[in-house]
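Student: Have a peek at my_file04.txt (compact mmCIF, C-alpha atoms).
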# COMPACT_ATOMS: atom_id res chain seq x y z
CA MET A 1 4.33 -43.05 5.20
CA THR A 2 3.89 -42.54 8.90
CA SER A 3 5.23 -39.04 8.70
CA ILE A 4 2.72 -38.06 6.07
CA GLN A 5 -0.12 -38.91 8.37
CA ASN A 6 0.64 -35.80 10.28
CA PHE A 7 -0.69 -33.64 7.51
CA ALA A 8 -4.39 -34.25 7.58
CA THR A 9 -5.07 -35.11 11.17
CA THR A 10 -5.49 -31.78 12.89
CA ASP A 11 -6.93 -28.55 11.76
CA PRO A 12 -4.23 -25.98 12.40
CA PHE A 13 -6.79 -23.22 12.77
CA ALA A 14 -9.01 -25.13 15.15
CA ASP A 15 -7.75 -23.64 18.37
CA GLU A 16 -6.94 -20.24 16.93
CA PRO A 17 -10.19 -18.35 16.50
CA ASN A 18 -8.49 -15.03 16.01
CA PHE A 19 -6.28 -16.18 13.21
CA GLY A 20 -5.66 -13.31 10.87
CA GLY A 21 -3.30 -11.70 8.46
CA ASP A 22 -1.01 -10.38 11.14
CA ASN A 23 -0.34 -13.76 12.63
CA GLY A 24 3.27 -14.60 13.18
CA ILE A 25 4.15 -10.96 13.59
CA SER A 26 3.48 -9.81 17.08
CA TYR A 27 2.22 -6.29 17.00
CA ILE A 28 2.19 -4.26 20.14
CA HIS A 29 -1.25 -2.78 20.49
CA ILE A 30 -1.72 0.53 22.19
CA ARG A 31 -5.36 1.18 22.85
CA ILE A 32 -7.38 3.83 24.51
CA PHE A 33 -10.65 3.55 26.34
CA GLN A 34 -12.82 6.46 27.20
CA ARG A 35 -13.89 6.85 30.74
CA SER A 36 -16.14 9.51 32.10
CA GLY A 37 -15.70 12.93 30.57
CA ARG A 38 -12.19 13.79 29.51
CA LYS A 39 -10.66 10.85 31.25
CA ALA A 40 -9.23 7.90 29.45
CA VAL A 41 -7.21 4.76 30.02
CA THR A 42 -4.32 3.62 27.86
CA THR A 43 -3.45 -0.03 27.58
CA VAL A 44 -0.35 -1.59 26.10
CA GLU A 45 -0.86 -5.14 24.94
CA LYS A 46 1.48 -7.83 23.74
CA LEU A 47 4.72 -6.43 24.97
CA PRO A 48 7.47 -9.01 24.65
CA ARG A 49 7.49 -11.32 27.61
CA ASP A 50 11.10 -10.94 28.49
CA ILE A 51 10.90 -7.34 29.61
CA ASP A 52 10.59 -6.38 33.22
CA PHE A 53 6.99 -5.21 33.35
CA LYS A 54 7.26 -3.79 36.81
CA ARG A 55 10.19 -1.61 35.92
CA VAL A 56 8.59 -0.42 32.71
CA LEU A 57 5.39 0.37 34.53
CA LYS A 58 7.28 2.24 37.20
CA TYR A 59 9.09 4.25 34.54
CA PHE A 60 5.83 5.09 32.80
CA LYS A 61 4.20 6.15 36.01
CA LYS A 62 7.07 8.39 36.89
CA THR A 63 7.64 10.04 33.52
CA LEU A 64 4.01 10.37 32.51
CA ASN A 65 2.81 11.48 35.93
CA CYS A 66 0.02 9.00 36.10
CA ASN A 67 -1.01 5.90 37.88
CA GLY A 68 -0.97 2.55 36.24
CA ASN A 69 -1.49 -1.08 36.72
CA LEU A 70 -0.42 -4.48 35.48
CA LEU A 71 -3.15 -6.80 34.30
CA GLU A 72 -2.87 -10.49 33.59
CA ASP A 73 -4.92 -11.77 30.73
CA GLU A 74 -5.31 -15.29 29.45
CA ASN A 75 -4.86 -14.46 25.80
CA LEU A 76 -2.81 -11.31 25.87
CA GLY A 77 -0.48 -12.04 28.73
CA THR A 78 0.55 -9.11 30.84
CA VAL A 79 -1.02 -5.80 29.95
CA ILE A 80 0.12 -2.42 31.13
CA GLN A 81 -2.67 -0.06 31.99
CA LEU A 82 -2.13 3.65 32.43
CA GLN A 83 -4.48 6.39 33.46
CA GLY A 84 -4.91 9.05 30.83
CA ASP A 85 -4.21 9.26 27.14
CA HIS A 86 -0.51 8.45 26.81
CA ARG A 87 -0.51 6.62 23.51
CA LYS A 88 2.04 8.82 21.80
CA GLU A 89 4.44 8.84 24.68
CA VAL A 90 4.21 5.09 25.10
CA SER A 91 4.79 4.42 21.41
CA THR A 92 7.81 6.72 21.29
CA PHE A 93 9.17 4.99 24.37
CA ILE A 94 8.74 1.56 22.82
CA ILE A 95 10.43 2.64 19.62
CA GLU A 96 13.26 4.50 21.26
CA GLU A 97 14.05 1.72 23.69
CA LYS A 98 14.02 -0.67 20.73
CA ILE A 99 11.47 -2.94 22.30
CA ALA A 100 9.82 -3.07 18.90
CA LYS A 101 10.17 -1.36 15.58
CA LYS A 102 7.80 1.32 14.47
CA GLU A 103 5.96 -0.96 12.06
CA PHE A 104 5.05 -3.33 14.84
CA VAL A 105 3.52 -0.77 17.13
CA LYS A 106 -0.15 -0.33 16.38
CA MET A 107 -1.91 2.64 17.81
CA HIS A 108 -5.65 2.22 18.06
CA GLY A 109 -8.38 4.66 18.76
CA PHE A 110 -9.11 8.05 17.37
CA MET B 1 44.09 51.14 -4.96
CA LYS B 2 45.78 48.92 -7.46
CA LYS B 3 43.89 45.99 -6.19
CA LYS B 4 40.67 47.87 -6.52
CA LYS B 5 41.50 48.79 -10.07
CA LYS B 6 42.33 45.25 -10.81
CA LYS B 7 39.10 44.23 -9.34
CA GLU B 8 37.30 46.75 -11.47
CA VAL B 9 39.05 45.46 -14.52
CA VAL B 10 38.14 41.96 -13.59
CA ALA B 11 34.60 43.06 -13.02
CA GLN B 12 34.52 44.77 -16.38
CA THR B 13 35.78 41.66 -18.06
CA ASP B 14 33.25 39.68 -16.19
CA GLU B 15 30.56 42.03 -17.30
CA GLU B 16 31.75 41.76 -20.85
CA LYS B 17 31.75 38.04 -20.57
CA LYS B 18 28.30 38.17 -19.14
CA LYS B 19 27.20 40.40 -21.98
CA LEU B 20 28.68 38.03 -24.47
CA ARG B 21 27.05 35.10 -22.76
CA SER B 22 23.80 36.90 -22.57
CA ALA B 23 24.06 37.81 -26.21
CA THR B 24 24.72 34.22 -27.15
CA LEU B 25 22.20 32.78 -24.80
CA ALA B 26 19.58 35.42 -25.31
CA MET B 27 17.71 33.43 -27.86
CA MET B 28 17.76 30.28 -25.79
CA GLN B 29 16.72 32.06 -22.63
CA GLN B 30 13.94 33.87 -24.33
CA GLN B 31 12.67 30.67 -25.73
CA GLU B 32 12.93 28.97 -22.41
CA GLU B 33 11.24 31.81 -20.63
CA GLU B 34 8.45 31.81 -23.08
CA GLU B 35 8.04 28.13 -22.65
CA GLN B 36 8.11 28.42 -18.90
CA GLU B 37 5.51 31.11 -19.02
CA GLU B 38 3.39 28.93 -21.16
CA GLU B 39 3.79 26.08 -18.76
CA LYS B 40 2.87 28.34 -15.90
CA GLU B 41 -0.18 29.46 -17.72
CA LYS B 42 -1.14 25.90 -18.35
CA LYS B 43 -0.60 25.01 -14.74
CA GLU B 44 -2.66 27.93 -13.59
CA LYS B 45 -5.39 26.96 -15.93
CA LYS B 46 -5.19 23.43 -14.65
CA LYS B 47 -5.38 24.63 -11.09
CA LYS B 48 -8.34 26.78 -11.86
CA LYS B 49 -9.94 23.87 -13.58
CA LYS B 50 -9.24 21.60 -10.67
CA SER B 51 -10.59 23.99 -8.09
CA SER B 52 -13.70 24.68 -10.05
CA SER B 53 -14.25 21.03 -10.72
CA ALA B 54 -13.68 20.19 -7.07
CA ALA B 55 -16.22 22.78 -6.04
CA SER B 56 -18.72 21.48 -8.50
CA GLU B 57 -18.09 17.94 -7.35
CA GLU B 58 -18.61 18.89 -3.77
CA THR B 59 -21.92 20.39 -4.60
CA GLU B 60 -23.00 17.49 -6.73
CA LYS B 61 -21.53 14.88 -4.50
CA THR B 62 -24.79 13.87 -2.97
CA GLU B 63 -26.04 12.62 -6.27
CA GLY B 64 -23.89 9.53 -6.47
CA GLY B 65 -20.65 8.22 -7.82
CA GLU B 66 -21.54 7.68 -11.45
CA GLU B 67 -21.82 11.34 -12.13
CA GLU B 68 -18.30 11.82 -10.93
CA SER B 69 -16.98 9.63 -13.67
CA LEU B 70 -19.06 11.49 -16.18
CA GLU B 71 -17.70 14.70 -14.86
CA ASN B 72 -14.23 13.33 -15.23
CA THR B 73 -14.67 12.77 -18.90
CA ASP B 74 -16.15 16.21 -19.42
CA PHE B 75 -13.31 17.64 -17.46
CA LEU B 76 -10.75 15.99 -19.66
CA ALA B 77 -12.39 17.30 -22.77
CA GLU B 78 -12.24 20.81 -21.39
CA LYS B 79 -8.60 20.36 -20.52
CA LYS B 80 -7.82 19.33 -24.04
CA LYS B 81 -9.48 22.40 -25.38
CA LYS B 82 -7.44 24.56 -23.09
CA LYS B 83 -4.26 22.92 -24.14
CA LYS B 84 -5.10 23.39 -27.77
CA SER B 85 -5.69 27.08 -27.32
CA SER B 86 -2.48 27.60 -25.40
CA LYS B 87 -0.57 25.63 -27.97
CA SER B 88 -1.87 27.73 -30.80
CA SER B 89 -0.78 30.90 -29.02
CA SER B 90 2.67 29.45 -28.50
CA ALA B 91 2.82 28.48 -32.13
CA THR B 92 2.37 32.10 -33.11
CA THR B 93 5.25 33.20 -30.90
CA GLU B 94 7.71 30.63 -32.16
CA SER B 95 7.96 30.95 -35.89
CA SER B 96 9.93 27.79 -36.46
CA GLU B 97 7.30 25.63 -34.86
CA THR B 98 4.30 27.25 -36.42
CA THR B 99 4.45 25.40 -39.67
CA THR B 100 5.09 22.00 -38.18
CA ASP B 101 2.58 22.48 -35.43
CA ALA B 102 -0.05 23.65 -37.80
CA VAL B 103 0.47 20.58 -39.90
CA GLU B 104 0.39 18.44 -36.80
CA GLU B 105 -2.81 20.00 -35.62
CA LYS B 106 -4.54 19.15 -38.83
CA GLU B 107 -3.19 15.65 -39.05
CA GLU B 108 -3.67 14.20 -35.58
CA LYS B 109 -5.59 16.05 -32.99
CA VAL B 110 -5.03 13.67 -30.11
CA VAL B 111 -1.27 13.94 -29.87
CA GLU B 112 -1.25 17.55 -30.93
CA GLY B 113 -0.09 19.89 -28.24
CA THR B 114 2.01 17.30 -26.49
CA ILE B 115 5.09 17.60 -28.69
CA PRO B 116 6.48 21.10 -28.34
CA TRP B 117 9.94 19.93 -29.36
CA LEU B 118 8.76 18.82 -32.76
CA GLY B 119 10.95 20.28 -35.47
CA VAL B 120 13.30 21.85 -32.94
CA ASP B 121 16.76 20.47 -32.41
CA ARG B 122 17.08 20.33 -28.67
CA ASP B 123 16.85 17.93 -25.75
CA TYR B 124 13.51 17.05 -24.29
CA LYS B 125 12.75 18.61 -20.98
CA TYR B 126 11.61 16.49 -18.11
CA SER B 127 8.54 18.61 -17.58
CA GLU B 128 7.56 18.29 -21.20
CA LEU B 129 7.97 14.56 -21.17
CA THR B 130 5.97 14.11 -18.00
CA TYR B 131 3.36 16.43 -19.39
CA ARG B 132 3.18 14.36 -22.54
CA ILE B 133 2.89 11.01 -20.78
CA TYR B 134 0.20 12.35 -18.47
CA HIS B 135 -1.65 13.80 -21.38
CA LEU B 136 -1.52 10.54 -23.31
CA LEU B 137 -2.63 8.61 -20.27
CA GLN B 138 -5.52 10.94 -19.74
CA THR B 139 -6.70 10.65 -23.29
CA ASN B 140 -6.30 6.91 -23.61
CA ASN B 141 -7.17 5.45 -20.23
CA PRO B 142 -8.12 8.06 -17.69
CA ASP B 143 -8.79 5.45 -15.01
CA LEU B 144 -5.11 4.88 -14.47
CA ILE B 145 -4.29 8.45 -13.75
CA SER B 146 -7.19 10.09 -11.99
CA ASP B 147 -5.03 12.38 -9.93
CA GLN B 148 -7.83 13.89 -7.97
CA LYS B 149 -8.09 12.67 -4.43
CA ARG B 150 -10.96 10.45 -3.64
CA GLN B 151 -13.18 12.25 -1.31
CA MET B 152 -15.18 10.68 1.41
CA LYS B 153 -18.35 12.00 2.79
CA PRO B 154 -17.72 13.44 6.19
CA PRO B 155 -19.46 11.47 8.90
CA GLN B 156 -22.35 13.25 10.52
CA VAL B 157 -21.81 12.91 14.20
CA MET B 158 -24.19 14.22 16.79
CA ARG B 159 -24.33 13.98 20.51
CA GLU B 160 -27.24 12.33 22.19
CA GLY B 161 -27.37 13.35 25.77
CA THR B 162 -23.98 13.49 27.39
CA LYS B 163 -22.81 9.93 27.07
CA LYS B 164 -23.91 8.76 23.65
CA THR B 165 -22.83 9.76 20.20
CA ILE B 166 -24.91 9.23 17.09
CA TRP B 167 -23.32 8.66 13.74
CA ALA B 168 -26.13 9.55 11.39
CA ASN B 169 -24.88 8.54 7.94
CA PHE B 170 -23.28 5.30 9.02
CA ALA B 171 -25.14 3.06 6.58
CA GLU B 172 -24.45 5.46 3.75
CA ILE B 173 -20.73 5.42 4.42
CA CYS B 174 -20.74 1.65 4.60
CA GLY B 175 -22.43 1.67 1.21
CA ILE B 176 -19.79 3.96 -0.23
CA LEU B 177 -17.04 1.75 1.11
CA ASN B 178 -18.87 -1.33 -0.13
CA ARG B 179 -18.49 -3.08 3.20
CA LYS B 180 -20.99 -4.77 5.46
CA PRO B 181 -22.17 -2.53 8.25
CA GLU B 182 -21.45 -5.28 10.77
CA HIS B 183 -17.81 -5.36 9.80
CA VAL B 184 -17.40 -1.62 10.00
CA LEU B 185 -19.29 -1.61 13.24
CA THR B 186 -17.09 -4.19 14.89
CA TYR B 187 -14.01 -2.32 13.72
CA VAL B 188 -15.26 1.02 14.99
CA PHE B 189 -16.16 -0.38 18.36
CA ALA B 190 -12.87 -2.23 18.67
CA GLU B 191 -10.93 0.89 17.79
CA LEU B 192 -12.83 3.20 20.06
CA GLY B 193 -12.95 0.66 22.85
CA THR B 194 -16.63 1.11 23.40
CA ASN B 195 -19.84 -0.52 22.35
CA GLY B 196 -23.13 0.58 20.91
CA SER B 197 -25.84 -0.38 18.51
CA ILE B 198 -27.66 0.50 15.34
CA ASP B 199 -30.98 2.19 15.86
CA GLY B 200 -34.12 2.11 13.75
CA ASN B 201 -32.99 4.69 11.22
CA GLN B 202 -29.75 2.86 10.43
CA ARG B 203 -27.82 5.26 12.57
CA LEU B 204 -25.00 4.09 14.74
CA VAL B 205 -25.22 4.84 18.42
CA ILE B 206 -21.82 4.82 20.09
CA ARG B 207 -21.30 4.97 23.79
CA GLY B 208 -18.97 7.76 24.78
CA ARG B 209 -18.26 11.22 23.47
CA PHE B 210 -16.65 11.44 20.07
CA LYS B 211 -16.08 14.31 17.74
CA THR B 212 -16.42 14.23 13.98
CA SER B 213 -12.67 14.48 13.60
CA GLN B 214 -12.12 11.46 15.79
CA ILE B 215 -14.60 9.38 13.82
CA GLU B 216 -12.92 10.55 10.63
CA VAL B 217 -9.59 9.23 11.83
CA VAL B 218 -11.16 5.88 12.54
CA ILE B 219 -12.71 5.75 9.08
CA ARG B 220 -9.36 6.62 7.55
CA HIS B 221 -7.69 3.77 9.40
CA TYR B 222 -10.45 1.44 8.34
CA ILE B 223 -10.05 2.40 4.71
CA SER B 224 -6.32 1.96 4.76
CA GLU B 225 -6.64 -1.41 6.38
CA TYR B 226 -9.76 -2.99 4.93
CA VAL B 227 -10.74 -1.05 1.80
CA ALA B 228 -7.81 0.35 -0.12
CA CYS B 229 -5.83 -2.13 -2.17
CA ARG B 230 -2.25 -2.30 -0.98
CA ASN B 231 -0.86 -2.51 -4.48
CA CYS B 232 -2.85 -0.03 -6.51
CA LYS B 233 -4.63 1.87 -3.73
CA SER B 234 -7.88 1.53 -5.53
CA PRO B 235 -10.94 1.50 -3.29
CA ASN B 236 -12.68 -0.83 -5.70
CA THR B 237 -12.27 -3.92 -3.56
CA ILE B 238 -14.28 -6.76 -2.10
CA LEU B 239 -13.85 -8.33 1.30
CA GLU B 240 -14.59 -12.02 1.18
CA ARG B 241 -14.40 -14.67 3.81
CA ASN B 242 -12.54 -17.76 2.79
CA ASN B 243 -11.45 -20.57 5.03
CA ARG B 244 -11.94 -18.57 8.22
CA LEU B 245 -9.80 -15.80 6.86
CA TYR B 246 -10.82 -12.51 5.42
CA PHE B 247 -9.35 -11.73 2.04
CA LEU B 248 -9.30 -8.37 0.36
CA CYS B 249 -9.76 -8.80 -3.38
CA CYS B 250 -9.06 -5.86 -5.60
CA ASN B 251 -11.31 -5.46 -8.63
CA ALA B 252 -8.91 -3.11 -10.33
CA CYS B 253 -5.67 -5.11 -10.24
CA ASN B 254 -6.92 -8.55 -9.16
CA SER B 255 -4.57 -8.75 -6.23
CA LYS B 256 -5.58 -10.64 -3.15
CA ARG B 257 -4.31 -10.41 0.34
CA SER B 258 -5.36 -11.61 3.71
CA VAL B 259 -6.49 -9.08 6.21
CA ALA B 260 -6.16 -9.02 9.96
CA VAL B 261 -9.13 -10.06 11.98
CA ILE B 262 -10.58 -7.30 14.07
CA LYS B 263 -9.50 -7.90 17.60
CA LYS B 264 -10.94 -6.16 20.52
CA GLY B 265 -8.68 -5.33 23.33
CA LEU B 266 -9.84 -7.85 25.85
CA GLU B 267 -9.27 -5.16 28.36
CA SER B 268 -12.50 -3.52 27.42
CA VAL B 269 -14.56 -6.58 28.30
CA GLY B 270 -13.25 -6.52 31.80
CA LYS B 271 -14.01 -2.87 32.10
CA LYS B 272 -17.46 -2.92 30.64
CA ALA B 273 -18.71 -5.56 32.99
CA PRO B 274 -18.49 -3.43 36.13
CA LYS B 275 -19.89 -0.43 34.24
CA GLU B 276 -22.91 -2.35 33.12
CA GLN B 277 -23.48 -3.58 36.61
CA GLN B 278 -23.72 -0.07 37.82
Could the structure of this file be written out as structure tokens, please?

Tutor:
Amino acid sequence: MTSIQNFATTDPFADEPNFGGDNGISYIHIRIFQRSGRKAVTTVEKLPRDIDFKRVLKYFKKTLNCNGNLLEDENLGTVIQLQGDHRKEVSTFIIEEKIAKKEFVKMHGF
Amino acid sequence: MKKKKKKEVVAQTDEEKKKLRSATLAMMQQQEEEEQEEEKEKKEKKKKKKSSSAASEETEKTEGGEEESLENTDFLAEKKKKKKSSKSSSATTESSETTTDAVEEKEEKVVEGTIPWLGVDRDYKYSELTYRIYHLLQTNNPDLISDQKRQMKPPQVMREGTKKTIWANFAEICGILNRKPEHVLTYVFAELGTNGSIDGNQRLVIRGRFKTSQIEVVIRHYISEYVACRNCKSPNTILERNNRLYFLCCNACNSKRSVAVIKKGLESVGKKAPKEQQ
């Protein structure tokens, strides 16, 4: 009977405020934020942790001709930030390098 | 030269064969051609009908959704009439079918027109069968088959100054989608990576420059994610909160599925803070 006690004690959702339908599947979110005028910033969230972020960032910067940055976030982990709207290029890169499948890459924004 | 002659001979035989074939198949081909022409005519009529109905719907769209359904029924009735007329013309061309069809027409008017192979000893064509099933569906329960695309009102987007965008018919669109404005609002802001507010006239003020097309894309994503039922694609759904989770309940097919919580890229929070300080 001791093992059954485990069931009711803790609320599994208590420390997960963002619990949603996509839980368990880690989507890679590609977002865009508008800056002034035509300028924009692309962010890539929730890349798998085992990739070499610095190398990926360097590759992006070189191929996309833009500057970029690595951001550390409490919830999202490391986030790649790129100057300009590079959502399509980033998603094709992720799919072609088999970092994630197409279904798990979510492109946000307009 | 010999070869050429041979070839000619062969060609002649071929031609003869062709003639024979054509002679034998003439009847069949003629029939088929006639039928095809009829089908084409029907299709054209349908197309015309559709276009005209679409135009009329667009004009009358502002008057609400109930009229659309009414229009649908009217539309079907008209279609039936058309089919009847075309069928009668075909009946005159094909003598064998005239008698049977005529009898059919008198006996049951609903199924009439959908069985062109009646009394003829041949295989059913795919097109005929699909035509028949669609026709039956339309007559019996038109809800299942409404093939017209559901049209959304285009969002009215204006620019206020250089930095703000106003979405004028935001509340109206939320009403059409049957969703709370707050939910749509959070989704829109999360997608666009900006923030904004609702002003006194229920318009949405978004920070940043956005075109109508861009807003449309966002609405489309929203519909596919939070409005359309995954199973039957019906927009007749309800979003209800249950146990901290959002569930999308379909009124048409009773399916239920959990829906992802709208997450903002936390990036934006970090970026907005310095902007607001300025």

Student: How many Å separate atom CA of A:Ile28 from atom CA of A:Val44?

Tutor: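 Value for the atom CA of A:Ile28-atom CA of A:Val44 distance: 7.0 Å.
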
Student: If the cut-off is 6 Å, can you tell me the residues of chain B near chain A, counting all atoms listed in the file? I'd like them as a list in words.

Tutor: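 The answer, sorted by residue number, is Glu191, Leu192, Gly193, Gln214, Val217, Val218, Ser258, Val259, Ala260 and Val261 of chain B.
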
Student: Please identify all polymer residues lying at most 9 Å from the point (-6.5, -7.1, -4.3) (file coordinates), using all atoms listed in the file, and present the result as a PyMOL selection string.

Tutor: chain B and resi 228-232+234+236-238+247-257

Student: When you draw a straight line from atom CA of B:Glu172 to atom CA of B:Lys233, how long is it in Å?

Tutor: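 Computed distance, atom CA of B:Glu172 to atom CA of B:Lys233, equals 21.5 Å.
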
Student: Can you pull out every residue within 9 Å of A:Ala100, counting all atoms listed in the file, but drop anything in the same chain fewer than 4 positions away, and send it as a list in words?

Tutor: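 Selected residues are Tyr27, Ile28, Leu47, Pro48, Ile94, Ile95, Glu96, Phe104 and Val105 of chain A.
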
Student: I'd like the interatomic distance between atom CA of B:Arg203 and atom CA of B:Phe170, to a tenth of an Å.

Tutor: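 These two atoms are separated by 5.8 Å.
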
Student: Go through B:Leu204, B:Ala190, B:Ile219, B:Leu245 and flag the residue nearest B:Glu160, using all atoms listed in the file for the distances.

Tutor: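 Answer, going by the shortest atom-to-atom distance: B:Leu204.
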